[in-house]
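Visitor: Next comes target35.pdb, PDB, C-alpha atoms:
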ATOM      1  CA  MET A   1       0.406 -15.414  10.654  1.00  0.00           C
ATOM      2  CA  VAL A   2      -0.467 -11.741  10.862  1.00  0.00           C
ATOM      3  CA  GLN A   3      -4.197 -11.143  11.151  1.00  0.00           C
ATOM      4  CA  TYR A   4      -5.143  -8.293   8.899  1.00  0.00           C
ATOM      5  CA  SER A   5      -8.220  -6.150   9.354  1.00  0.00           C
ATOM      6  CA  GLN A   6      -9.632  -6.332   5.843  1.00  0.00           C
ATOM      7  CA  THR A   7     -11.850  -3.295   6.457  1.00  0.00           C
ATOM      8  CA  LEU A   8      -8.841  -1.270   7.588  1.00  0.00           C
ATOM      9  CA  LEU A   9      -6.769  -2.357   4.567  1.00  0.00           C
ATOM     10  CA  ASP A  10      -9.672  -1.578   2.199  1.00  0.00           C
ATOM     11  CA  ALA A  11     -10.021   1.931   3.657  1.00  0.00           C
ATOM     12  CA  SER A  12      -6.339   2.795   3.785  1.00  0.00           C
ATOM     13  CA  PHE A  13      -5.339   1.439   0.354  1.00  0.00           C
ATOM     14  CA  SER A  14      -8.368   3.256  -1.079  1.00  0.00           C
ATOM     15  CA  ALA A  15      -7.286   6.477   0.677  1.00  0.00           C
ATOM     16  CA  LEU A  16      -3.773   6.045  -0.756  1.00  0.00           C
ATOM     17  CA  SER A  17      -5.012   5.519  -4.322  1.00  0.00           C
ATOM     18  CA  ASP A  18      -5.044   9.249  -5.065  1.00  0.00           C
ATOM     19  CA  ALA A  19      -1.926  11.379  -5.663  1.00  0.00           C
ATOM     20  CA  THR A  20      -3.414  14.434  -3.911  1.00  0.00           C
ATOM     21  CA  ARG A  21      -4.259  12.421  -0.793  1.00  0.00           C
ATOM     22  CA  ARG A  22      -0.729  10.958  -0.703  1.00  0.00           C
ATOM     23  CA  GLY A  23       0.560  14.534  -1.117  1.00  0.00           C
ATOM     24  CA  ILE A  24      -1.559  15.738   1.832  1.00  0.00           C
ATOM     25  CA  LEU A  25      -0.072  13.016   4.061  1.00  0.00           C
ATOM     26  CA  GLU A  26       3.467  13.998   3.016  1.00  0.00           C
ATOM     27  CA  ARG A  27       2.666  17.685   3.654  1.00  0.00           C
ATOM     28  CA  LEU A  28       1.255  16.928   7.117  1.00  0.00           C
ATOM     29  CA  GLY A  29       4.366  14.853   7.816  1.00  0.00           C
ATOM     30  CA  HIS A  30       6.226  18.170   7.971  1.00  0.00           C
ATOM     31  CA  SER A  31       3.719  20.261   9.938  1.00  0.00           C
ATOM     32  CA  ASP A  32       0.000  20.560  10.684  1.00  0.00           C
ATOM     33  CA  ALA A  33      -2.040  22.654   8.234  1.00  0.00           C
ATOM     34  CA  SER A  34      -5.501  24.173   7.915  1.00  0.00           C
ATOM     35  CA  ILE A  35      -7.934  23.033   5.234  1.00  0.00           C
ATOM     36  CA  THR A  36      -7.451  26.447   3.566  1.00  0.00           C
ATOM     37  CA  GLU A  37      -3.655  26.056   3.469  1.00  0.00           C
ATOM     38  CA  LEU A  38      -3.996  22.562   2.005  1.00  0.00           C
ATOM     39  CA  ALA A  39      -6.514  23.735  -0.606  1.00  0.00           C
ATOM     40  CA  GLU A  40      -4.104  26.498  -1.698  1.00  0.00           C
ATOM     41  CA  ARG A  41      -1.110  24.178  -1.718  1.00  0.00           C
ATOM     42  CA  PHE A  42      -2.883  21.683  -4.003  1.00  0.00           C
ATOM     43  CA  SER A  43      -4.742  24.341  -6.087  1.00  0.00           C
ATOM     44  CA  MET A  44      -8.101  22.947  -5.093  1.00  0.00           C
ATOM     45  CA  THR A  45     -11.455  24.273  -3.879  1.00  0.00           C
ATOM     46  CA  LEU A  46     -12.200  24.103  -0.145  1.00  0.00           C
ATOM     47  CA  THR A  47     -15.023  21.642  -0.857  1.00  0.00           C
ATOM     48  CA  GLY A  48     -12.707  19.358  -2.850  1.00  0.00           C
ATOM     49  CA  MET A  49     -10.062  19.476  -0.125  1.00  0.00           C
ATOM     50  CA  LYS A  50     -12.640  18.756   2.616  1.00  0.00           C
ATOM     51  CA  LYS A  51     -13.652  15.600   0.716  1.00  0.00           C
ATOM     52  CA  HIS A  52     -10.054  14.366   0.436  1.00  0.00           C
ATOM     53  CA  VAL A  53      -9.392  15.109   4.121  1.00  0.00           C
ATOM     54  CA  GLY A  54     -12.642  13.293   5.001  1.00  0.00           C
ATOM     55  CA  VAL A  55     -11.448  10.148   3.199  1.00  0.00           C
ATOM     56  CA  LEU A  56      -8.094  10.286   5.030  1.00  0.00           C
ATOM     57  CA  GLU A  57      -9.886  10.903   8.346  1.00  0.00           C
ATOM     58  CA  GLN A  58     -12.172   7.882   7.800  1.00  0.00           C
ATOM     59  CA  ALA A  59      -9.083   5.727   7.241  1.00  0.00           C
ATOM     60  CA  GLY A  60      -7.532   7.003  10.500  1.00  0.00           C
ATOM     61  CA  LEU A  61      -4.653   8.631   8.636  1.00  0.00           C
ATOM     62  CA  VAL A  62      -5.574  12.229   9.490  1.00  0.00           C
ATOM     63  CA  VAL A  63      -7.211  13.891  12.485  1.00  0.00           C
ATOM     64  CA  THR A  64      -8.827  17.324  12.371  1.00  0.00           C
ATOM     65  CA  ALA A  65      -9.755  19.816  15.095  1.00  0.00           C
ATOM     66  CA  LYS A  66     -11.776  22.989  14.734  1.00  0.00           C
ATOM     67  CA  VAL A  67     -10.613  26.020  16.690  1.00  0.00           C
ATOM     68  CA  GLY A  68     -12.857  29.002  16.044  1.00  0.00           C
ATOM     69  CA  ARG A  69     -13.426  29.066  12.296  1.00  0.00           C
ATOM     70  CA  VAL A  70     -10.254  27.212  11.357  1.00  0.00           C
ATOM     71  CA  ARG A  71     -10.124  23.432  10.916  1.00  0.00           C
ATOM     72  CA  THR A  72      -6.569  22.181  11.439  1.00  0.00           C
ATOM     73  CA  CYS A  73      -5.388  18.829  10.048  1.00  0.00           C
ATOM     74  CA  ALA A  74      -2.651  16.648  11.526  1.00  0.00           C
ATOM     75  CA  LEU A  75      -1.398  13.122  10.943  1.00  0.00           C
ATOM     76  CA  GLY A  76      -3.564  10.487  12.621  1.00  0.00           C
ATOM     77  CA  THR A  77      -2.332   7.562  14.675  1.00  0.00           C
ATOM     78  CA  GLY A  78      -2.508   5.177  11.686  1.00  0.00           C
ATOM     79  CA  ARG A  79       1.061   4.601  10.608  1.00  0.00           C
ATOM     80  CA  LEU A  80       0.275   2.079   7.851  1.00  0.00           C
ATOM     81  CA  GLU A  81       1.939  -0.826   9.660  1.00  0.00           C
ATOM     82  CA  GLN A  82      -0.539  -3.519   8.575  1.00  0.00           C
ATOM     83  CA  GLU A  83      -0.420  -2.175   5.021  1.00  0.00           C
ATOM     84  CA  ALA A  84       3.385  -2.372   4.948  1.00  0.00           C
ATOM     85  CA  ALA A  85       3.222  -5.886   6.458  1.00  0.00           C
ATOM     86  CA  TRP A  86       0.761  -7.026   3.772  1.00  0.00           C
ATOM     87  CA  LEU A  87       2.994  -5.673   0.985  1.00  0.00           C
ATOM     88  CA  GLU A  88       6.060  -7.322   2.527  1.00  0.00           C
ATOM     89  CA  ARG A  89       4.304 -10.690   2.746  1.00  0.00           C
ATOM     90  CA  TYR A  90       3.095 -10.376  -0.850  1.00  0.00           C
ATOM     91  CA  ARG A  91       6.584  -9.545  -2.078  1.00  0.00           C
ATOM     92  CA  ARG A  92       7.973 -12.653  -0.381  1.00  0.00           C
ATOM     93  CA  LEU A  93       5.233 -14.756  -2.048  1.00  0.00           C
ATOM     94  CA  TRP A  94       6.064 -13.135  -5.382  1.00  0.00           C
ATOM     95  CA  VAL A  95       9.791 -13.931  -5.092  1.00  0.00           C
ATOM     96  CA  SER A  96       9.202 -17.561  -4.055  1.00  0.00           C
ATOM     97  CA  ARG A  97       6.658 -18.000  -6.873  1.00  0.00           C
ATOM     98  CA  PHE A  98       9.130 -16.750  -9.477  1.00  0.00           C
ATOM     99  CA  ASP A  99      11.945 -18.850  -7.977  1.00  0.00           C
ATOM    100  CA  GLU A 100       9.687 -21.876  -8.415  1.00  0.00           C
ATOM    101  CA  LEU A 101       8.982 -20.973 -12.045  1.00  0.00           C
ATOM    102  CA  ASP A 102      12.718 -20.515 -12.598  1.00  0.00           C
ATOM    103  CA  LYS A 103      13.291 -24.069 -11.369  1.00  0.00           C
ATOM    104  CA  ILE A 104      10.643 -25.451 -13.744  1.00  0.00           C
ATOM    105  CA  VAL A 105      12.246 -23.602 -16.675  1.00  0.00           C
ATOM    106  CA  GLN A 106      15.688 -24.920 -15.686  1.00  0.00           C
ATOM    107  CA  GLU A 107      14.344 -28.481 -15.490  1.00  0.00           C
ATOM    108  CA  LEU A 108      12.710 -28.177 -18.910  1.00  0.00           C
ATOM    109  CA  THR A 109      15.893 -26.731 -20.432  1.00  0.00           C
ATOM    110  CA  GLN A 110      17.940 -29.533 -18.842  1.00  0.00           C
ATOM    111  CA  ARG A 111      15.538 -32.165 -20.207  1.00  0.00           C
ATOM    112  CA  GLU A 112      15.713 -30.681 -23.726  1.00  0.00           C
ATOM    113  CA  GLU A 113      19.511 -30.647 -23.604  1.00  0.00           C
ATOM    114  CA  ASN A 114      19.547 -34.301 -22.491  1.00  0.00           C
ATOM    115  CA  ASP A 115      17.104 -35.249 -25.258  1.00  0.00           C
ATOM    116  CA  GLY A 116      19.289 -33.447 -27.819  1.00  0.00           C
ATOM    117  CA  ARG A 117      22.369 -35.274 -26.542  1.00  0.00           C
ATOM    118  CA  LYS A 118      20.652 -38.668 -26.759  1.00  0.00           C
ATOM    119  CA  LYS A 119      19.600 -37.987 -30.353  1.00  0.00           C
ATOM    120  CA  ARG A 120      23.181 -37.025 -31.319  1.00  0.00           C
ATOM    121  CA  GLU A 121      24.598 -40.152 -29.674  1.00  0.00           C
TER
ATOM    122  CA  MET B   1      14.741  10.997  -3.665  1.00  0.00           C
ATOM    123  CA  VAL B   2      12.766   8.147  -5.181  1.00  0.00           C
ATOM    124  CA  GLN B   3      10.714   9.230  -8.169  1.00  0.00           C
ATOM    125  CA  TYR B   4       7.305   7.658  -7.929  1.00  0.00           C
ATOM    126  CA  SER B   5       5.010   7.112 -10.874  1.00  0.00           C
ATOM    127  CA  GLN B   6       1.835   8.641  -9.469  1.00  0.00           C
ATOM    128  CA  THR B   7      -0.304   6.861 -12.093  1.00  0.00           C
ATOM    129  CA  LEU B   8       1.215   3.516 -11.133  1.00  0.00           C
ATOM    130  CA  LEU B   9       0.681   4.162  -7.415  1.00  0.00           C
ATOM    131  CA  ASP B  10      -2.917   5.288  -8.051  1.00  0.00           C
ATOM    132  CA  ALA B  11      -3.665   2.099 -10.000  1.00  0.00           C
ATOM    133  CA  SER B  12      -1.978  -0.342  -7.644  1.00  0.00           C
ATOM    134  CA  PHE B  13      -3.266   1.107  -4.364  1.00  0.00           C
ATOM    135  CA  SER B  14      -6.724   1.184  -5.929  1.00  0.00           C
ATOM    136  CA  ALA B  15      -6.355  -2.458  -7.013  1.00  0.00           C
ATOM    137  CA  LEU B  16      -5.294  -3.375  -3.470  1.00  0.00           C
ATOM    138  CA  SER B  17      -8.250  -1.602  -1.831  1.00  0.00           C
ATOM    139  CA  ASP B  18     -10.480  -4.685  -2.152  1.00  0.00           C
ATOM    140  CA  ALA B  19     -10.183  -7.800   0.039  1.00  0.00           C
ATOM    141  CA  THR B  20     -11.119 -10.149  -2.840  1.00  0.00           C
ATOM    142  CA  ARG B  21      -8.443  -8.687  -5.107  1.00  0.00           C
ATOM    143  CA  ARG B  22      -5.822  -9.015  -2.359  1.00  0.00           C
ATOM    144  CA  GLY B  23      -7.036 -12.603  -1.906  1.00  0.00           C
ATOM    145  CA  ILE B  24      -6.616 -13.321  -5.641  1.00  0.00           C
ATOM    146  CA  LEU B  25      -2.993 -12.092  -5.505  1.00  0.00           C
ATOM    147  CA  GLU B  26      -2.277 -14.311  -2.485  1.00  0.00           C
ATOM    148  CA  ARG B  27      -3.920 -17.281  -4.242  1.00  0.00           C
ATOM    149  CA  LEU B  28      -1.871 -16.735  -7.420  1.00  0.00           C
ATOM    150  CA  GLY B  29       1.239 -16.482  -5.241  1.00  0.00           C
ATOM    151  CA  HIS B  30       0.847 -20.226  -4.706  1.00  0.00           C
ATOM    152  CA  SER B  31      -0.045 -21.321  -8.247  1.00  0.00           C
ATOM    153  CA  ASP B  32      -1.643 -20.075 -11.453  1.00  0.00           C
ATOM    154  CA  ALA B  33      -5.427 -20.450 -11.695  1.00  0.00           C
ATOM    155  CA  SER B  34      -8.201 -20.144 -14.262  1.00  0.00           C
ATOM    156  CA  ILE B  35     -10.925 -17.494 -13.955  1.00  0.00           C
ATOM    157  CA  THR B  36     -13.387 -20.337 -13.201  1.00  0.00           C
ATOM    158  CA  GLU B  37     -11.236 -21.673 -10.346  1.00  0.00           C
ATOM    159  CA  LEU B  38     -10.871 -18.179  -8.890  1.00  0.00           C
ATOM    160  CA  ALA B  39     -14.625 -17.520  -9.191  1.00  0.00           C
ATOM    161  CA  GLU B  40     -15.359 -20.772  -7.306  1.00  0.00           C
ATOM    162  CA  ARG B  41     -12.705 -20.097  -4.664  1.00  0.00           C
ATOM    163  CA  PHE B  42     -14.156 -16.666  -3.896  1.00  0.00           C
ATOM    164  CA  SER B  43     -17.843 -17.691  -4.375  1.00  0.00           C
ATOM    165  CA  MET B  44     -18.312 -15.176  -7.147  1.00  0.00           C
ATOM    166  CA  THR B  45     -19.870 -15.075 -10.621  1.00  0.00           C
ATOM    167  CA  LEU B  46     -17.531 -15.381 -13.629  1.00  0.00           C
ATOM    168  CA  THR B  47     -18.461 -11.827 -14.649  1.00  0.00           C
ATOM    169  CA  GLY B  48     -17.605 -10.476 -11.191  1.00  0.00           C
ATOM    170  CA  MET B  49     -14.286 -12.327 -11.154  1.00  0.00           C
ATOM    171  CA  LYS B  50     -13.399 -11.122 -14.664  1.00  0.00           C
ATOM    172  CA  LYS B  51     -13.866  -7.522 -13.468  1.00  0.00           C
ATOM    173  CA  HIS B  52     -11.564  -8.016 -10.474  1.00  0.00           C
ATOM    174  CA  VAL B  53      -8.922  -9.730 -12.624  1.00  0.00           C
ATOM    175  CA  GLY B  54      -9.238  -6.876 -15.142  1.00  0.00           C
ATOM    176  CA  VAL B  55      -8.445  -4.302 -12.425  1.00  0.00           C
ATOM    177  CA  LEU B  56      -5.393  -6.316 -11.293  1.00  0.00           C
ATOM    178  CA  GLU B  57      -4.276  -6.721 -14.921  1.00  0.00           C
ATOM    179  CA  GLN B  58      -4.544  -2.959 -15.539  1.00  0.00           C
ATOM    180  CA  ALA B  59      -2.301  -2.377 -12.529  1.00  0.00           C
ATOM    181  CA  GLY B  60       0.273  -4.858 -13.885  1.00  0.00           C
ATOM    182  CA  LEU B  61      -0.221  -7.189 -10.924  1.00  0.00           C
ATOM    183  CA  VAL B  62      -1.735 -10.073 -12.904  1.00  0.00           C
ATOM    184  CA  VAL B  63      -1.240 -11.409 -16.428  1.00  0.00           C
ATOM    185  CA  THR B  64      -3.734 -13.639 -18.203  1.00  0.00           C
ATOM    186  CA  ALA B  65      -3.426 -15.956 -21.198  1.00  0.00           C
ATOM    187  CA  LYS B  66      -6.208 -17.731 -23.058  1.00  0.00           C
ATOM    188  CA  VAL B  67      -5.562 -21.306 -24.162  1.00  0.00           C
ATOM    189  CA  GLY B  68      -8.575 -22.770 -25.931  1.00  0.00           C
ATOM    190  CA  ARG B  69     -11.562 -21.781 -23.854  1.00  0.00           C
ATOM    191  CA  VAL B  70      -9.695 -21.386 -20.579  1.00  0.00           C
ATOM    192  CA  ARG B  71      -8.231 -18.070 -19.401  1.00  0.00           C
ATOM    193  CA  THR B  72      -5.373 -18.678 -16.966  1.00  0.00           C
ATOM    194  CA  CYS B  73      -4.212 -16.019 -14.507  1.00  0.00           C
ATOM    195  CA  ALA B  74      -0.704 -15.657 -13.100  1.00  0.00           C
ATOM    196  CA  LEU B  75       1.144 -13.048 -11.078  1.00  0.00           C
ATOM    197  CA  GLY B  76       2.371 -10.137 -13.192  1.00  0.00           C
ATOM    198  CA  THR B  77       5.785  -8.555 -13.081  1.00  0.00           C
ATOM    199  CA  GLY B  78       4.655  -5.776 -10.715  1.00  0.00           C
ATOM    200  CA  ARG B  79       6.072  -6.661  -7.349  1.00  0.00           C
ATOM    201  CA  LEU B  80       4.815  -3.556  -5.526  1.00  0.00           C
ATOM    202  CA  GLU B  81       8.305  -2.159  -4.945  1.00  0.00           C
ATOM    203  CA  GLN B  82       7.430   1.520  -5.422  1.00  0.00           C
ATOM    204  CA  GLU B  83       4.352   1.053  -3.243  1.00  0.00           C
ATOM    205  CA  ALA B  84       6.439  -0.475  -0.439  1.00  0.00           C
ATOM    206  CA  ALA B  85       9.007   2.344  -0.832  1.00  0.00           C
ATOM    207  CA  TRP B  86       6.282   4.994  -0.557  1.00  0.00           C
ATOM    208  CA  LEU B  87       4.884   3.395   2.622  1.00  0.00           C
ATOM    209  CA  GLU B  88       8.370   3.128   4.133  1.00  0.00           C
ATOM    210  CA  ARG B  89       9.094   6.783   3.430  1.00  0.00           C
ATOM    211  CA  TYR B  90       5.746   7.810   4.916  1.00  0.00           C
ATOM    212  CA  ARG B  91       6.383   5.766   8.047  1.00  0.00           C
ATOM    213  CA  ARG B  92       9.729   7.481   8.537  1.00  0.00           C
ATOM    214  CA  LEU B  93       8.030  10.895   8.151  1.00  0.00           C
ATOM    215  CA  TRP B  94       5.358   9.805  10.643  1.00  0.00           C
ATOM    216  CA  VAL B  95       7.924   8.760  13.251  1.00  0.00           C
ATOM    217  CA  SER B  96       9.989  11.953  12.906  1.00  0.00           C
ATOM    218  CA  ARG B  97       6.810  14.082  13.102  1.00  0.00           C
ATOM    219  CA  PHE B  98       5.710  12.396  16.331  1.00  0.00           C
ATOM    220  CA  ASP B  99       9.227  12.639  17.786  1.00  0.00           C
ATOM    221  CA  GLU B 100       9.065  16.372  17.088  1.00  0.00           C
ATOM    222  CA  LEU B 101       5.663  16.657  18.822  1.00  0.00           C
ATOM    223  CA  ASP B 102       7.081  14.698  21.780  1.00  0.00           C
ATOM    224  CA  LYS B 103       9.854  17.279  22.127  1.00  0.00           C
ATOM    225  CA  ILE B 104       7.325  20.144  22.094  1.00  0.00           C
ATOM    226  CA  VAL B 105       5.238  18.412  24.779  1.00  0.00           C
ATOM    227  CA  GLN B 106       8.383  17.836  26.882  1.00  0.00           C
ATOM    228  CA  GLU B 107       9.368  21.493  26.547  1.00  0.00           C
ATOM    229  CA  LEU B 108       5.887  22.659  27.564  1.00  0.00           C
ATOM    230  CA  THR B 109       5.860  20.280  30.559  1.00  0.00           C
ATOM    231  CA  GLN B 110       9.319  21.508  31.566  1.00  0.00           C
ATOM    232  CA  ARG B 111       8.206  25.135  31.301  1.00  0.00           C
ATOM    233  CA  GLU B 112       5.096  24.478  33.417  1.00  0.00           C
ATOM    234  CA  GLU B 113       7.211  22.757  36.062  1.00  0.00           C
ATOM    235  CA  ASN B 114       9.624  25.686  36.146  1.00  0.00           C
ATOM    236  CA  ASP B 115       6.719  28.160  36.402  1.00  0.00           C
ATOM    237  CA  GLY B 116       5.250  26.136  39.281  1.00  0.00           C
ATOM    238  CA  ARG B 117       8.629  26.112  41.043  1.00  0.00           C
ATOM    239  CA  LYS B 118       9.033  29.874  40.684  1.00  0.00           C
ATOM    240  CA  LYS B 119       5.556  30.453  42.157  1.00  0.00           C
ATOM    241  CA  ARG B 120       6.374  28.231  45.144  1.00  0.00           C
ATOM    242  CA  GLU B 121       9.687  30.009  45.758  1.00  0.00           C
TER
END
Will you turn the file into structure tokens for me?
Guide:
Amino acid sequence: MVQYSQTLLDASFSALSDATRRGILERLGHSDASITELAERFSMTLTGMKKHVGVLEQAGLVVTAKVGRVRTCALGTGRLEQEAAWLERYRRLWVSRFDELDKIVQELTQREENDGRKKRE
Amino acid sequence: MVQYSQTLLDASFSALSDATRRGILERLGHSDASITELAERFSMTLTGMKKHVGVLEQAGLVVTAKVGRVRTCALGTGRLEQEAAWLERYRRLWVSRFDELDKIVQELTQREENDGRKKRE
């Protein structure tokens, strides 16, 4: 069984729970960008953008480096592998759970049909 | 391109950003359970558990039904497909971005080697 780091999953799913932060990751997937460029792109104040980038940085999804007065953001090393693995495992659980319920419903339907037949006989 | 519902992604990633809530989903993947059973399983007060279940219900990941005095929880219809698709797309972006950076590093290394060779000649 995969061992998940709960703290890592908490931080990354929390970082992903905001449309702007997901947008920043997609933007940085194309090229690095300064905080100012990101703030303009998402029509946001510098302070607001710094907060979002800070959350992504804490989750290991973004790295930043300051050269002179410009802070440049790039994708971090976190490639959301554990997160994808958790989702995949959950989806398998989900499918098997609903398959099981399907079987129960089929059995109940079958039993009702048999009961109906017996009554008619 | 896949059209994501940003509101849905916000709600589900937020619901998944807590280890107890992920644990509840895994537990319900095996069988339905009452709020009381879940509270005992996760050593939590009924009020605390109700809050967690409420968050999962809002995100469409859990459904509850009250029969008499017992509220039973089951997996909802949300099977995290859009969430998995978003992660997959991000991971592809990540890989292509790092491949691109690799090429730049290779080019720079090549250039340095050539410069060194010219100096030695």
Visitor: For chain B, work out the contacting residues on chain A at 9 Å, counting all atoms listed in the file, and write them as a compact mmCIF listing (two decimals) with C-alpha atoms, in the coordinates of the input.
Guide:
# COMPACT_ATOMS: atom_id res chain seq x y z
CA GLN A 6 -9.63 -6.33 5.84
CA THR A 7 -11.85 -3.30 6.46
CA LEU A 9 -6.77 -2.36 4.57
CA ASP A 10 -9.67 -1.58 2.20
CA ALA A 11 -10.02 1.93 3.66
CA SER A 12 -6.34 2.80 3.78
CA PHE A 13 -5.34 1.44 0.35
CA SER A 14 -8.37 3.26 -1.08
CA ALA A 15 -7.29 6.48 0.68
CA LEU A 16 -3.77 6.04 -0.76
CA SER A 17 -5.01 5.52 -4.32
CA ASP A 18 -5.04 9.25 -5.07
CA ALA A 19 -1.93 11.38 -5.66
CA LEU A 25 -0.07 13.02 4.06
CA GLU A 26 3.47 14.00 3.02
CA LEU A 28 1.25 16.93 7.12
CA GLY A 29 4.37 14.85 7.82
CA HIS A 30 6.23 18.17 7.97
CA SER A 31 3.72 20.26 9.94
CA LEU A 75 -1.40 13.12 10.94
CA THR A 77 -2.33 7.56 14.68
CA ARG A 79 1.06 4.60 10.61
CA LEU A 80 0.28 2.08 7.85
CA GLU A 81 1.94 -0.83 9.66
CA GLU A 83 -0.42 -2.17 5.02
CA ALA A 84 3.38 -2.37 4.95
CA LEU A 87 2.99 -5.67 0.98
CA GLU A 88 6.06 -7.32 2.53
CA TYR A 90 3.10 -10.38 -0.85
CA ARG A 91 6.58 -9.54 -2.08
CA LEU A 93 5.23 -14.76 -2.05
CA TRP A 94 6.06 -13.14 -5.38
CA VAL A 95 9.79 -13.93 -5.09
CA SER A 96 9.20 -17.56 -4.06
CA ARG A 97 6.66 -18.00 -6.87
CA PHE A 98 9.13 -16.75 -9.48
Visitor: When you draw a straight line from CA of His52 in chain B to CA of Ile24 in chain A, how long is it in Å?
Guide: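 Computing the Euclidean distance for CA of His52 in chain B and CA of Ile24 in chain A yields 28.6 Å.
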Visitor: Rounded to one decimal place, report the CA of Glu57 in chain A-CA of Gln82 in chain A distance in Å.
Guide: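 One can read the CA of Glu57 in chain A to CA of Gln82 in chain A distance as 17.2 Å.
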Visitor: Mind pulling up the distance from CA of Glu40 in chain A to CA of Val63 in chain A?
Guide: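 Pair CA of Val63 in chain A / CA of Glu40 in chain A returns 19.2 Å.
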Visitor: Determine the residue membership of the PyMOL selection byres ((chain B and resi 38) around 10) for the file above and supply it as a list in words.
Guide: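 So the PyMOL selection byres ((chain B and resi 38) around 10), applied here, picks out Gly23, Ile24, Arg27, Leu28, Asp32, Ala33, Ser34, Ile35, Thr36, Glu37, Ala39, Glu40, Arg41, Phe42, Ser43, Met44, Thr45, Leu46, Met49, Lys50, Val53, Thr72 and Cys73 of chain B.
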Visitor: Between B:Thr109, B:Ile104, B:Asp99, B:Arg21, which one has atoms that come closest to Gly54 in chain B, using only C-alpha atoms?
Guide: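 Checking each candidate against Gly54 in chain B, we get B:Arg21 as the closest.
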Visitor: Can you pull range 96-121 of chain A out of that block with C-alpha atoms and hand it back as a PDB file, in the first residue's frame?
Guide:
ATOM      1  CA  SER A  96     -16.003  -1.316  -6.365  1.00  0.00           C
ATOM      2  CA  ARG A  97     -18.405   0.134  -3.770  1.00  0.00           C
ATOM      3  CA  PHE A  98     -20.998   0.944  -6.431  1.00  0.00           C
ATOM      4  CA  ASP A  99     -20.502  -2.452  -8.107  1.00  0.00           C
ATOM      5  CA  GLU A 100     -21.278  -4.034  -4.740  1.00  0.00           C
ATOM      6  CA  LEU A 101     -24.434  -1.940  -4.350  1.00  0.00           C
ATOM      7  CA  ASP A 102     -25.448  -2.913  -7.885  1.00  0.00           C
ATOM      8  CA  LYS A 103     -25.200  -6.578  -6.902  1.00  0.00           C
ATOM      9  CA  ILE A 104     -27.383  -6.029  -3.821  1.00  0.00           C
ATOM     10  CA  VAL A 105     -30.011  -4.253  -5.947  1.00  0.00           C
ATOM     11  CA  GLN A 106     -29.920  -7.081  -8.508  1.00  0.00           C
ATOM     12  CA  GLU A 107     -30.360  -9.680  -5.755  1.00  0.00           C
ATOM     13  CA  LEU A 108     -33.307  -7.786  -4.278  1.00  0.00           C
ATOM     14  CA  THR A 109     -34.930  -7.402  -7.707  1.00  0.00           C
ATOM     15  CA  GLN A 110     -34.392 -11.118  -8.390  1.00  0.00           C
ATOM     16  CA  ARG A 111     -35.942 -12.039  -5.028  1.00  0.00           C
ATOM     17  CA  GLU A 112     -38.992  -9.831  -5.686  1.00  0.00           C
ATOM     18  CA  GLU A 113     -39.469 -11.387  -9.121  1.00  0.00           C
ATOM     19  CA  ASN A 114     -39.271 -14.888  -7.606  1.00  0.00           C
ATOM     20  CA  ASP A 115     -41.760 -13.934  -4.882  1.00  0.00           C
ATOM     21  CA  GLY A 116     -44.136 -12.541  -7.527  1.00  0.00           C
ATOM     22  CA  ARG A 117     -43.832 -15.745  -9.551  1.00  0.00           C
ATOM     23  CA  LYS A 118     -44.569 -17.930  -6.520  1.00  0.00           C
ATOM     24  CA  LYS A 119     -47.687 -15.897  -5.723  1.00  0.00           C
ATOM     25  CA  ARG A 120     -48.954 -16.252  -9.321  1.00  0.00           C
ATOM     26  CA  GLU A 121     -48.340 -20.009  -9.299  1.00  0.00           C
TER      27      GLU A 121
END
